[in-house]
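Here's the structure we're looking at; comments come further down.
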There are 2 protein chains.
Amino acid sequence: MSNWDARYATRANRMRASEIRELLKLLDQPDIISFAGGIPDPALFPADAFRKAYERALADDQASAALQYSVSEGYAPLREWIAANLADVGIVCGIDNIVITSGSQQALDYLGKLFLSPSDTALVTSPTYLGALQAFNAYEPEYDRLLPDQGNMTPAAYRDAAANAGGQPKFAYVNPDFSNPAGETLDRAAREKLLDLADEMNIPVIEDGAYQALRYDGEPVPPILALDIERKGDIDETRTIYCGTFSKTLSPGLRLGWVCAAKPVIRKLVLMKQAADLHSPTINQMAMYHAAVDIYEKQIELLRATYGRRRDNVLGALEKYMPEGVRWTKPEGGMFIWVTLPEGIDGAALLARAIETERVAFVPGQAFHADGSGTNTIRLSFSLASEEMADTGIARLGRLLRKVMAESAS
Amino acid sequence: MSNWDARYATRANRMRASEIRELLKLLDQPDIISFAGGIPDPALFPADAFRKAYERALADDQASAALQYSVSEGYAPLREWIAANLADVGIVCGIDNIVITSGSQQALDYLGKLFLSPSDTALVTSPTYLGALQAFNAYEPEYDRLLPDQGNMTPAAYRDAAANAGGQPKFAYVNPDFSNPAGETLDRAAREKLLDLADEMNIPVIEDGAYQALRYDGEPVPPILALDIERKGDIDETRTIYCGTFSKTLSPGLRLGWVCAAKPVIRKLVLMKQAADLHSPTINQMAMYHAAVDIYEKQIELLRATYGRRRDNVLGALEKYMPEGVRWTKPEGGMFIWVTLPEGIDGAALLARAIETERVAFVPGQAFHADGSGTNTIRLSFSLASEEMADTGIARLGRLLRKVMAESAS
């Protein structure tokens with residue numbers, strides 16, 4: 001247990017798990033307007049489709065398989081469905097390029113375990129997905145900063161920095177579509193530049209595609225893995241490791257995601273999964289397959305229409321209520337808007353006051369930065385934001401911010 | 001990926017994952033009589049109970065919760081059910097002493113991750129559960145040998161051996177009831193001696209209770225954790241970490257197990273689970289709770305009667321067909337009989353011939369030994385063994401063994 005502190009205990013620049021839980025609990029308090037949790041709206045879950053799907057998985061001729069052990073790589077029909085779905089966005093692959101994981105969180109954990117030894121360096125954007133930092137932290141890496149939009153450091157500079165930290169750069173992790181938390185999308189040029197860098201450095205790119213299907217407007221950008229396949233001609237020659245999930249589309253409660261990558265990577269992940277939890281639940285893989293065949297396209301349409309409207313609700317309210325000096329992103333999809341407050345306004349202190357005096361909640365942005373920066377940022381989730389909730393909640397936040405900014409100016 | 005070979009690649013003394021898969025595939029060949037897979041009989045799964053259970057989990061007032069994210073420690077009613085069930089065998093605990101895992105395999109992986117740094121020593125019996133070795137191997141430990149029945153080494157001797165290997169002894173792992181693979185049960189005195197050793201060495205005991213409910217005759221022995229609670233007066237003062245599972249009782253396909261231990265251990269495992277896969281599937285935890293309440297006692301009765309009969313089928317056939325010089329265990333429960341062949345007869349070579357000439361399968365025993373010993377042992381699973389299958393299969397095995405022993409004598 002000697003490494004416990006390094007792996008899991010709180011560092012000043014990382015949010016405590018208990019704080020996240022406290023924030024999530026706020027969602028249950030009816031008088032709090034919360035933009036905190038990045039969770040899907042449960043009212044949109046396709047419960048009928050899942051009822052039918054579990055009935056089919058447990059039908060007389062299926063139940064024995066659904067309730068039994070199965071293979072670590074996952075249920076073949078589900079992997080076939082995923083392969084066909086990925087082909088639609090330019091990722092041409094076979095089922096041997098896919099392993100089913102327990103959500104994409106498990107994929108991030110396994111990839112950390114596969115690539116990172118203590119003191120190695122993971123390249124991440126700043127901000128980046130908090131859950132990725134939590135997964136990687138277990139393997140005690142250092143972090144260096146990717147700036148795919150503004151121009152990355154040179155391979156030599158990344159290597160020197162990693163060597164100074166006692167290891168090597170092992171991978172670049174990005175969440176390229178409507179990222180959690182920033183709500184930003186890497187354009188094609190930035191994706192190509194990232195691939196150039198990874199090719200030069202001979203490291204994998206971990207592409208977290210969690211929100212990829214949830215685009216509300218603008219032109220789709222090909223996944224990094226699709227661009228890598230274009231370059232190399234064959235997925236088995238690529239270095240990009242794509243992590244997908246059903247958590248943001250059909251349901252997070254079944255805990256099903258996948259990794260799509262070159263076969264040698266998938267074979268390693270299958271062995272890791274066998275050693276770590278044997279396989280993801282058979283019954284859920286069968287039910288998810290039935291639900292996906294039945295309703296996926298319609299569900300995506302519903303989510304795009306609904307979440308797109310909710311994004312507009314929050315963007316409209318920000319325009320209306322935010323004081324001068326506050327900036328925010330305009331995401332083309334996903335669930336998050338990233339707000340940058342004037343220098344010197346602390347997001348965590350603001351949250352404490354916001355809950356106490358205005359009964360409004362969000363996530364302070366510092367936790368999403370591996371280097372502890374970003375104190376003057378906050379993340380707003382719009383996945384549950386009705387017009388009224390957005391208007392009332394953002395009005396309260398704007399009122400508080402004006403007060404705080406006036407205090408800080410005086 | 002520098003540590004890949006140490007962590008997952010095959011060592012001569014460990015069975016290849018691919019070989020296990022090949023063995024499992026044999027189950028699908030109708031002319032092979034297999035005593036290989038240690039899997040539950042799917043014909044005994046309580047499919048009706050699960051149909052009702054999933055209907056309830058997906059009822060209108062439950063579906064939103066069943067399909068949504070939930071807490072890393074697990075569904076509270078299921079943890080309450082487990083706590084009540086454990087109280088029946090002398091483990092007095094509250095729900096904060098329990099975390100739900102994705103099968104007990106995941107518990108073993110997390111415990112390896114929690115306690116082991118490379119070159120630390122894990123104390124295991126020889127033979128021991130292959131899946132435990134696979135889970136622990138990812139953290140690159142050394143192994144030393146527990147002999148709880150015959151008298152362990154002294155704490156000083158274990159510590160010296162571990163120091164020579166470059167680390168410290170970090171835990172003792174045992175599967176004390178009708179163990180996989182040996183089919184042996186530690187008596188109360190051996191359990192107490194193991195606790196004495198662990199107390200002296202100040203290390204945890206990992207108690208794998210996978211088969212604990214499946215006793216067919218003989219007197220139940222209290223779980224090591226129950227004895228530890230007796231000693232210390234309170235579970236939160238104990239050092240035993242109990243791993244349980246629904247895989248051998250209700251269904252392995254839902255991938256649900258649990259750890260029961262002192263709260264400080266559970267709190268660490270909850271943080272690890274949050275970072276590694278967030279939580280086990282909500283819907284499965286709800287369905288398992290309903291199924292357990294509905295049918296657990298009846299299901300255990302059914303399994304005890306059925307598997308007990310099947311054990312008798314195989315034991316009877318061994319008595320009838322095994323040549324002089326072959327020994328085997330007489331398990332009081334579980335799924336496995338451990339056969340020791342005369343010195344010089346190799347279990348792996350025997351398997352290859354058994355499949356080719358006799359169309360009968362089992363698992364060679366060497367893979368279950370961390371030190372590569374046990375070449376003259378094999379594991380027989382009786383979980384699927386009807387009277388006819390046992391009689392025909394063991395007759396074939398006996399015929400082959402006579403032939404091999406005659407060849408080796410000549």
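Following the order of the structure tokens, chains are lettered A, B, ..., residues in each are numbered from 1, and ligands are numbered from 1.
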Please identify which residues in segment 108-352 of chain A DSSP calls strand (DSSP E or B) from the backbone, and express them as a ChimeraX atom specification.
/A:121-124,142-145,169-174,205-208,215,240-245,257-260,327-328,333,336-340
Can I get the selected residues back with N, CA, C and O atoms, as a tab-separated table (two decimals), in the first residue's frame?
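Output (again_20.tsv):
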chain	number	residue	atom	x	y	z
A	121	THR	N	5.41	9.77	-18.88
A	121	THR	CA	4.59	10.95	-19.14
A	121	THR	C	3.42	10.64	-20.08
A	121	THR	O	3.59	9.98	-21.10
A	122	ALA	N	2.24	11.10	-19.67
A	122	ALA	CA	1.06	11.07	-20.53
A	122	ALA	C	0.82	12.49	-21.03
A	122	ALA	O	0.87	13.43	-20.25
A	123	LEU	N	0.61	12.62	-22.35
A	123	LEU	CA	0.33	13.94	-22.92
A	123	LEU	C	-1.18	14.14	-22.96
A	123	LEU	O	-1.90	13.34	-23.55
A	124	VAL	N	-1.63	15.21	-22.32
A	124	VAL	CA	-3.08	15.49	-22.24
A	124	VAL	C	-3.31	16.97	-22.50
A	124	VAL	O	-2.42	17.80	-22.28
A	142	GLU	N	3.56	11.21	-14.88
A	142	GLU	CA	3.62	12.66	-14.97
A	142	GLU	C	2.75	13.06	-16.17
A	142	GLU	O	2.40	12.21	-16.99
A	143	TYR	N	2.43	14.35	-16.23
A	143	TYR	CA	1.64	14.82	-17.37
A	143	TYR	C	2.38	15.95	-18.07
A	143	TYR	O	3.05	16.76	-17.44
A	144	ASP	N	2.25	15.99	-19.39
A	144	ASP	CA	2.71	17.17	-20.13
A	144	ASP	C	1.55	17.61	-21.02
A	144	ASP	O	0.60	16.86	-21.24
A	145	ARG	N	1.67	18.85	-21.52
A	145	ARG	CA	0.50	19.50	-22.08
A	145	ARG	C	0.46	19.46	-23.60
A	145	ARG	O	1.37	19.96	-24.26
A	169	PRO	N	7.61	9.75	-22.81
A	169	PRO	CA	6.21	10.02	-23.20
A	169	PRO	C	5.61	8.73	-23.73
A	169	PRO	O	6.20	8.11	-24.61
A	170	LYS	N	4.44	8.32	-23.21
A	170	LYS	CA	3.89	7.02	-23.58
A	170	LYS	C	2.65	7.09	-24.48
A	170	LYS	O	2.37	6.15	-25.20
A	171	PHE	N	1.89	8.14	-24.38
A	171	PHE	CA	0.76	8.30	-25.31
A	171	PHE	C	0.24	9.73	-25.23
A	171	PHE	O	0.58	10.48	-24.32
A	172	ALA	N	-0.58	10.08	-26.26
A	172	ALA	CA	-1.31	11.35	-26.24
A	172	ALA	C	-2.79	11.01	-26.11
A	172	ALA	O	-3.31	10.19	-26.87
A	173	TYR	N	-3.46	11.61	-25.12
A	173	TYR	CA	-4.89	11.36	-24.90
A	173	TYR	C	-5.68	12.60	-25.27
A	173	TYR	O	-5.38	13.70	-24.79
A	174	VAL	N	-6.69	12.43	-26.13
A	174	VAL	CA	-7.57	13.56	-26.48
A	174	VAL	C	-9.02	13.12	-26.55
A	174	VAL	O	-9.33	11.96	-26.82
A	205	VAL	N	-2.01	7.40	-30.07
A	205	VAL	CA	-3.00	8.43	-29.74
A	205	VAL	C	-4.21	7.71	-29.16
A	205	VAL	O	-4.76	6.81	-29.80
A	206	ILE	N	-4.61	8.08	-27.95
A	206	ILE	CA	-5.85	7.55	-27.39
A	206	ILE	C	-6.96	8.56	-27.69
A	206	ILE	O	-6.92	9.69	-27.22
A	207	GLU	N	-7.91	8.13	-28.53
A	207	GLU	CA	-9.01	9.02	-28.96
A	207	GLU	C	-10.26	8.64	-28.17
A	207	GLU	O	-10.81	7.55	-28.36
A	208	ASP	N	-10.70	9.53	-27.32
A	208	ASP	CA	-11.89	9.29	-26.50
A	208	ASP	C	-13.10	9.84	-27.26
A	208	ASP	O	-13.33	11.04	-27.30
A	215	ARG	N	-23.64	15.33	-32.13
A	215	ARG	CA	-23.39	16.62	-32.79
A	215	ARG	C	-24.73	17.28	-33.11
A	215	ARG	O	-25.62	16.66	-33.69
A	240	THR	N	-3.68	4.78	-33.59
A	240	THR	CA	-4.75	5.43	-32.83
A	240	THR	C	-5.64	4.38	-32.17
A	240	THR	O	-6.01	3.39	-32.79
A	241	ILE	N	-5.94	4.60	-30.90
A	241	ILE	CA	-6.75	3.67	-30.11
A	241	ILE	C	-8.05	4.40	-29.77
A	241	ILE	O	-8.04	5.36	-28.99
A	242	TYR	N	-9.14	3.98	-30.41
A	242	TYR	CA	-10.42	4.69	-30.28
A	242	TYR	C	-11.24	4.07	-29.16
A	242	TYR	O	-11.46	2.85	-29.15
A	243	CYS	N	-11.69	4.89	-28.21
A	243	CYS	CA	-12.54	4.41	-27.11
A	243	CYS	C	-13.96	4.93	-27.32
A	243	CYS	O	-14.17	6.15	-27.39
A	244	GLY	N	-14.91	4.02	-27.43
A	244	GLY	CA	-16.30	4.40	-27.61
A	244	GLY	C	-17.14	3.93	-26.44
A	244	GLY	O	-16.68	3.14	-25.61
A	245	THR	N	-18.37	4.41	-26.37
A	245	THR	CA	-19.24	4.04	-25.25
A	245	THR	C	-20.71	4.15	-25.63
A	245	THR	O	-21.07	4.96	-26.49
A	257	GLY	N	-18.82	-0.16	-23.11
A	257	GLY	CA	-18.07	0.65	-24.06
A	257	GLY	C	-17.22	-0.29	-24.89
A	257	GLY	O	-17.40	-1.50	-24.84
A	258	TRP	N	-16.32	0.27	-25.68
A	258	TRP	CA	-15.46	-0.58	-26.50
A	258	TRP	C	-14.17	0.15	-26.86
A	258	TRP	O	-14.10	1.37	-26.76
A	259	VAL	N	-13.19	-0.62	-27.25
A	259	VAL	CA	-11.97	-0.08	-27.84
A	259	VAL	C	-11.89	-0.62	-29.25
A	259	VAL	O	-12.13	-1.82	-29.48
A	260	CYS	N	-11.58	0.26	-30.20
A	260	CYS	CA	-11.33	-0.15	-31.58
A	260	CYS	C	-9.91	0.28	-31.93
A	260	CYS	O	-9.55	1.45	-31.78
A	327	ARG	N	-16.03	34.76	-20.47
A	327	ARG	CA	-16.06	34.13	-21.80
A	327	ARG	C	-16.53	32.69	-21.69
A	327	ARG	O	-16.38	32.08	-20.64
A	328	TRP	N	-17.11	32.16	-22.78
A	328	TRP	CA	-17.51	30.75	-22.76
A	328	TRP	C	-17.45	30.16	-24.17
A	328	TRP	O	-17.47	30.89	-25.16
A	333	GLY	N	-21.79	20.22	-29.93
A	333	GLY	CA	-22.39	18.95	-29.51
A	333	GLY	C	-22.03	18.66	-28.07
A	333	GLY	O	-21.60	19.55	-27.33
A	336	PHE	N	-21.34	19.94	-22.58
A	336	PHE	CA	-20.65	20.89	-21.71
A	336	PHE	C	-20.31	22.22	-22.36
A	336	PHE	O	-19.94	22.28	-23.52
A	337	ILE	N	-20.42	23.26	-21.54
A	337	ILE	CA	-19.95	24.60	-21.90
A	337	ILE	C	-18.88	24.98	-20.87
A	337	ILE	O	-19.05	24.73	-19.67
A	338	TRP	N	-17.81	25.55	-21.35
A	338	TRP	CA	-16.66	25.88	-20.50
A	338	TRP	C	-16.62	27.39	-20.34
A	338	TRP	O	-16.61	28.12	-21.33
A	339	VAL	N	-16.65	27.84	-19.10
A	339	VAL	CA	-16.72	29.27	-18.82
A	339	VAL	C	-15.41	29.73	-18.21
A	339	VAL	O	-14.93	29.14	-17.24
A	340	THR	N	-14.84	30.79	-18.78
A	340	THR	CA	-13.62	31.37	-18.23
A	340	THR	C	-13.99	32.68	-17.55
A	340	THR	O	-14.53	33.60	-18.18
Using only C-alpha atoms, find the residues of chain B whose closest atom to chain A is at most 8 Å away, then write them as a ChimeraX atom specification.
/B:1,4,8,17,39-40,42-43,45,47,50-51,54-55,58,63-70,102-106,108-109,114-116,131,134-135,138,251-255,271-272,275-284
From a DSSP pass on the backbone, collect the residues of segment 39-94 of chain A flagged as helix (DSSP H, G or I) and hand them back as a ChimeraX atom specification.
/A:42-44,47-57,63-66,76-87
Grab the residues selected above and save them as a JSON list (two decimals), in the first residue's frame with N, CA and C atoms.
[["chain", "number", "residue", "atom", "x", "y", "z"],
["A", 42, "PRO", "N", -32.21, 10.98, -17.59],
["A", 42, "PRO", "CA", -32.84, 9.66, -17.50],
["A", 42, "PRO", "C", -34.22, 9.61, -18.16],
["A", 43, "ALA", "N", -34.87, 10.76, -18.29],
["A", 43, "ALA", "CA", -36.18, 10.78, -18.95],
["A", 43, "ALA", "C", -36.07, 10.39, -20.42],
["A", 44, "LEU", "N", -34.85, 10.47, -20.96],
["A", 44, "LEU", "CA", -34.66, 10.14, -22.38],
["A", 44, "LEU", "C", -34.22, 8.70, -22.60],
["A", 47, "ALA", "N", -36.40, 3.10, -22.30],
["A", 47, "ALA", "CA", -36.74, 2.02, -21.37],
["A", 47, "ALA", "C", -37.52, 0.91, -22.07],
["A", 48, "ASP", "N", -38.43, 1.27, -22.95],
["A", 48, "ASP", "CA", -39.21, 0.24, -23.66],
["A", 48, "ASP", "C", -38.32, -0.67, -24.50],
["A", 49, "ALA", "N", -37.38, -0.05, -25.19],
["A", 49, "ALA", "CA", -36.47, -0.85, -26.02],
["A", 49, "ALA", "C", -35.66, -1.80, -25.13],
["A", 50, "PHE", "N", -35.23, -1.34, -23.96],
["A", 50, "PHE", "CA", -34.47, -2.22, -23.08],
["A", 50, "PHE", "C", -35.35, -3.31, -22.47],
["A", 51, "ARG", "N", -36.61, -3.01, -22.19],
["A", 51, "ARG", "CA", -37.51, -4.06, -21.70],
["A", 51, "ARG", "C", -37.58, -5.20, -22.72],
["A", 52, "LYS", "N", -37.80, -4.81, -23.98],
["A", 52, "LYS", "CA", -37.87, -5.82, -25.05],
["A", 52, "LYS", "C", -36.52, -6.53, -25.20],
["A", 53, "ALA", "N", -35.45, -5.77, -25.09],
["A", 53, "ALA", "CA", -34.11, -6.33, -25.30],
["A", 53, "ALA", "C", -33.78, -7.37, -24.23],
["A", 54, "TYR", "N", -34.10, -7.10, -22.97],
["A", 54, "TYR", "CA", -33.83, -8.09, -21.92],
["A", 54, "TYR", "C", -34.75, -9.29, -22.05],
["A", 55, "GLU", "N", -35.99, -9.06, -22.47],
["A", 55, "GLU", "CA", -36.88, -10.21, -22.75],
["A", 55, "GLU", "C", -36.26, -11.13, -23.79],
["A", 56, "ARG", "N", -35.73, -10.52, -24.85],
["A", 56, "ARG", "CA", -35.13, -11.35, -25.91],
["A", 56, "ARG", "C", -33.88, -12.07, -25.42],
["A", 57, "ALA", "N", -33.05, -11.35, -24.64],
["A", 57, "ALA", "CA", -31.81, -11.97, -24.14],
["A", 57, "ALA", "C", -32.13, -13.13, -23.21],
["A", 63, "ALA", "N", -31.40, -17.77, -22.84],
["A", 63, "ALA", "CA", -31.11, -17.51, -21.43],
["A", 63, "ALA", "C", -29.84, -18.19, -20.94],
["A", 64, "SER", "N", -29.62, -19.43, -21.38],
["A", 64, "SER", "CA", -28.43, -20.15, -20.93],
["A", 64, "SER", "C", -27.16, -19.40, -21.29],
["A", 65, "ALA", "N", -27.13, -18.84, -22.50],
["A", 65, "ALA", "CA", -25.95, -18.08, -22.91],
["A", 65, "ALA", "C", -25.89, -16.74, -22.17],
["A", 66, "ALA", "N", -27.04, -16.10, -22.01],
["A", 66, "ALA", "CA", -27.06, -14.77, -21.38],
["A", 66, "ALA", "C", -26.57, -14.81, -19.94],
["A", 76, "ALA", "N", -20.04, -11.39, -30.04],
["A", 76, "ALA", "CA", -19.71, -11.12, -31.45],
["A", 76, "ALA", "C", -20.75, -10.27, -32.18],
["A", 77, "PRO", "N", -22.06, -10.55, -32.03],
["A", 77, "PRO", "CA", -23.02, -9.70, -32.76],
["A", 77, "PRO", "C", -22.94, -8.22, -32.35],
["A", 78, "LEU", "N", -22.64, -7.95, -31.07],
["A", 78, "LEU", "CA", -22.50, -6.56, -30.64],
["A", 78, "LEU", "C", -21.25, -5.94, -31.28],
["A", 79, "ARG", "N", -20.17, -6.70, -31.34],
["A", 79, "ARG", "CA", -18.96, -6.17, -31.99],
["A", 79, "ARG", "C", -19.20, -5.94, -33.48],
["A", 80, "GLU", "N", -20.00, -6.81, -34.10],
["A", 80, "GLU", "CA", -20.34, -6.59, -35.51],
["A", 80, "GLU", "C", -21.15, -5.31, -35.70],
["A", 81, "TRP", "N", -22.09, -5.10, -34.79],
["A", 81, "TRP", "CA", -22.89, -3.87, -34.88],
["A", 81, "TRP", "C", -22.01, -2.65, -34.74],
["A", 82, "ILE", "N", -21.10, -2.68, -33.79],
["A", 82, "ILE", "CA", -20.18, -1.55, -33.56],
["A", 82, "ILE", "C", -19.30, -1.32, -34.79],
["A", 83, "ALA", "N", -18.79, -2.40, -35.37],
["A", 83, "ALA", "CA", -17.93, -2.27, -36.55],
["A", 83, "ALA", "C", -18.70, -1.59, -37.69],
["A", 84, "ALA", "N", -19.96, -2.00, -37.89],
["A", 84, "ALA", "CA", -20.77, -1.40, -38.95],
["A", 84, "ALA", "C", -21.03, 0.07, -38.67],
["A", 85, "ASN", "N", -21.29, 0.38, -37.39],
["A", 85, "ASN", "CA", -21.54, 1.76, -36.99],
["A", 85, "ASN", "C", -20.30, 2.62, -37.19],
["A", 86, "LEU", "N", -19.13, 2.08, -36.87],
["A", 86, "LEU", "CA", -17.88, 2.84, -37.04],
["A", 86, "LEU", "C", -17.55, 3.05, -38.51],
["A", 87, "ALA", "N", -17.94, 2.09, -39.36],
["A", 87, "ALA", "CA", -17.69, 2.25, -40.80],
["A", 87, "ALA", "C", -18.37, 3.51, -41.32]]
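Shell of Asn376 of chain A at 10 Å, with only C-alpha atoms counted and residues fewer than 3 places along the chain excluded, is A:Val339, A:Thr340, A:Leu341, A:Pro342, A:Glu343, A:Gly344, A:Ile345, A:Asp346, A:Gly347, A:Ala348, A:Ala349, A:Leu350, A:Pro364, A:Gly365, A:Gln366, A:Ser373.
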Find the spatial neighbours of Ala36 of chain A, counting only C-alpha atoms, within a cut-off of 8 Å - ignore same-chain residues fewer than 2 positions away - and output them as a ChimeraX atom specification.
/A:23-24,34,38,361-363,379-381
Would you mind listing what lies within 12 Å of Lys403 of chain A as a CSV table (one decimal) with all heavy atoms, in the first residue's frame, with only C-alpha atoms counted and same-chain residues fewer than 5 positions away left out?
chain,number,residue,atom,x,y,z
A,322,MET,N,-24.6,37.0,-18.4
A,322,MET,CA,-23.2,37.0,-17.9
A,322,MET,C,-22.6,38.5,-18.0
A,322,MET,O,-22.8,39.2,-19.0
A,322,MET,CB,-22.3,36.1,-18.8
A,322,MET,CG,-22.4,34.7,-18.4
A,322,MET,SD,-21.8,34.3,-16.7
A,322,MET,CE,-23.4,33.8,-15.9
A,323,PRO,N,-21.9,38.9,-17.0
A,323,PRO,CA,-21.3,40.2,-17.0
A,323,PRO,C,-20.1,40.3,-18.0
A,323,PRO,O,-19.6,39.2,-18.4
A,323,PRO,CB,-20.8,40.4,-15.6
A,323,PRO,CG,-20.7,39.1,-15.0
A,323,PRO,CD,-21.7,38.2,-15.7
A,345,ILE,N,-10.8,35.4,-10.1
A,345,ILE,CA,-12.1,34.8,-9.6
A,345,ILE,C,-11.9,33.3,-9.5
A,345,ILE,O,-11.7,32.7,-10.5
A,345,ILE,CB,-13.3,35.2,-10.5
A,345,ILE,CG1,-13.4,36.7,-10.8
A,345,ILE,CG2,-14.6,34.6,-9.9
A,345,ILE,CD1,-13.8,37.5,-9.6
A,350,LEU,N,-16.3,30.3,-5.8
A,350,LEU,CA,-17.5,30.7,-6.4
A,350,LEU,C,-18.6,29.6,-6.2
A,350,LEU,O,-19.8,29.9,-5.8
A,350,LEU,CB,-17.4,31.0,-7.9
A,350,LEU,CG,-18.6,31.6,-8.6
A,350,LEU,CD1,-18.8,33.0,-8.2
A,350,LEU,CD2,-18.4,31.5,-10.1
A,353,ARG,N,-20.1,29.7,-2.6
A,353,ARG,CA,-21.0,30.8,-2.5
A,353,ARG,C,-22.3,30.6,-3.3
A,353,ARG,O,-23.4,30.9,-2.9
A,353,ARG,CB,-20.4,32.1,-2.9
A,353,ARG,CG,-19.9,32.9,-1.7
A,353,ARG,CD,-19.2,34.2,-2.2
A,353,ARG,NE,-20.1,35.3,-2.2
A,353,ARG,CZ,-19.7,36.5,-2.3
A,353,ARG,NH1,-18.4,36.8,-2.4
A,353,ARG,NH2,-20.6,37.6,-2.3
A,354,ALA,N,-22.1,30.0,-4.5
A,354,ALA,CA,-23.3,29.8,-5.4
A,354,ALA,C,-24.3,28.9,-4.8
A,354,ALA,O,-25.5,29.1,-4.8
A,354,ALA,CB,-22.8,29.3,-6.7
A,357,THR,N,-25.7,30.9,-1.4
A,357,THR,CA,-26.6,32.0,-1.5
A,357,THR,C,-27.5,32.0,-2.7
A,357,THR,O,-28.6,32.6,-2.7
A,357,THR,CB,-25.7,33.3,-1.6
A,357,THR,OG1,-25.0,33.3,-2.9
A,357,THR,CG2,-24.7,33.4,-0.5
A,358,GLU,N,-27.2,31.2,-3.8
A,358,GLU,CA,-28.0,31.3,-5.0
A,358,GLU,C,-28.6,29.9,-5.3
A,358,GLU,O,-29.4,29.8,-6.2
A,358,GLU,CB,-27.2,31.8,-6.2
A,358,GLU,CG,-26.6,33.2,-6.0
A,358,GLU,CD,-27.7,34.2,-6.2
A,358,GLU,OE1,-28.8,33.9,-6.5
A,358,GLU,OE2,-27.4,35.4,-5.8
A,396,ARG,N,-29.2,33.6,-11.8
A,396,ARG,CA,-28.6,33.6,-10.5
A,396,ARG,C,-27.1,33.6,-10.5
A,396,ARG,O,-26.5,34.3,-9.7
A,396,ARG,CB,-29.0,32.3,-9.7
A,396,ARG,CG,-30.5,32.2,-9.4
A,396,ARG,CD,-30.8,31.0,-8.6
A,396,ARG,NE,-32.2,30.7,-8.5
A,396,ARG,CZ,-32.7,29.6,-7.9
A,396,ARG,NH1,-31.9,28.7,-7.4
A,396,ARG,NH2,-34.0,29.4,-7.8
A,397,LEU,N,-26.5,32.8,-11.4
A,397,LEU,CA,-25.1,32.8,-11.5
A,397,LEU,C,-24.5,34.1,-11.9
A,397,LEU,O,-23.5,34.6,-11.4
A,397,LEU,CB,-24.6,31.7,-12.5
A,397,LEU,CG,-23.2,31.4,-12.6
A,397,LEU,CD1,-22.5,31.0,-11.3
A,397,LEU,CD2,-22.9,30.3,-13.7
A,398,GLY,N,-25.2,34.8,-12.9
A,398,GLY,CA,-24.8,36.1,-13.3
A,398,GLY,C,-24.8,37.1,-12.2
A,398,GLY,O,-23.9,37.9,-12.0
A,408,SER,N,-14.2,42.1,-5.9
A,408,SER,CA,-12.8,41.9,-6.2
A,408,SER,C,-12.2,43.1,-6.8
A,408,SER,O,-11.0,43.4,-6.7
A,408,SER,CB,-12.6,40.7,-7.1
A,408,SER,OG,-12.1,41.0,-8.4
A,409,ALA,N,-13.0,44.0,-7.4
A,409,ALA,CA,-12.5,45.2,-8.0
A,409,ALA,C,-12.3,46.3,-6.9
A,409,ALA,O,-11.5,47.2,-7.1
A,409,ALA,CB,-13.5,45.7,-9.1
A,410,SER,N,-13.1,46.2,-5.9
A,410,SER,CA,-13.1,47.3,-4.8
A,410,SER,C,-12.0,47.0,-3.8
A,410,SER,O,-11.3,46.0,-3.8
A,410,SER,CB,-14.4,47.3,-4.1
A,410,SER,OG,-14.6,46.2,-3.3
For Gly151 of chain B, work out the shell of residues within 12 Å, counting only C-alpha atoms and skipping chain neighbours fewer than 6 positions away, then give it as a ChimeraX atom specification.
/B:125,145,189-194,196-197
Measuring between only C-alpha atoms, which one of A:Pro181, A:Leu302, A:Gln212, A:Ile33 shows the shortest distance to Ala367 of chain A?
A:Pro181
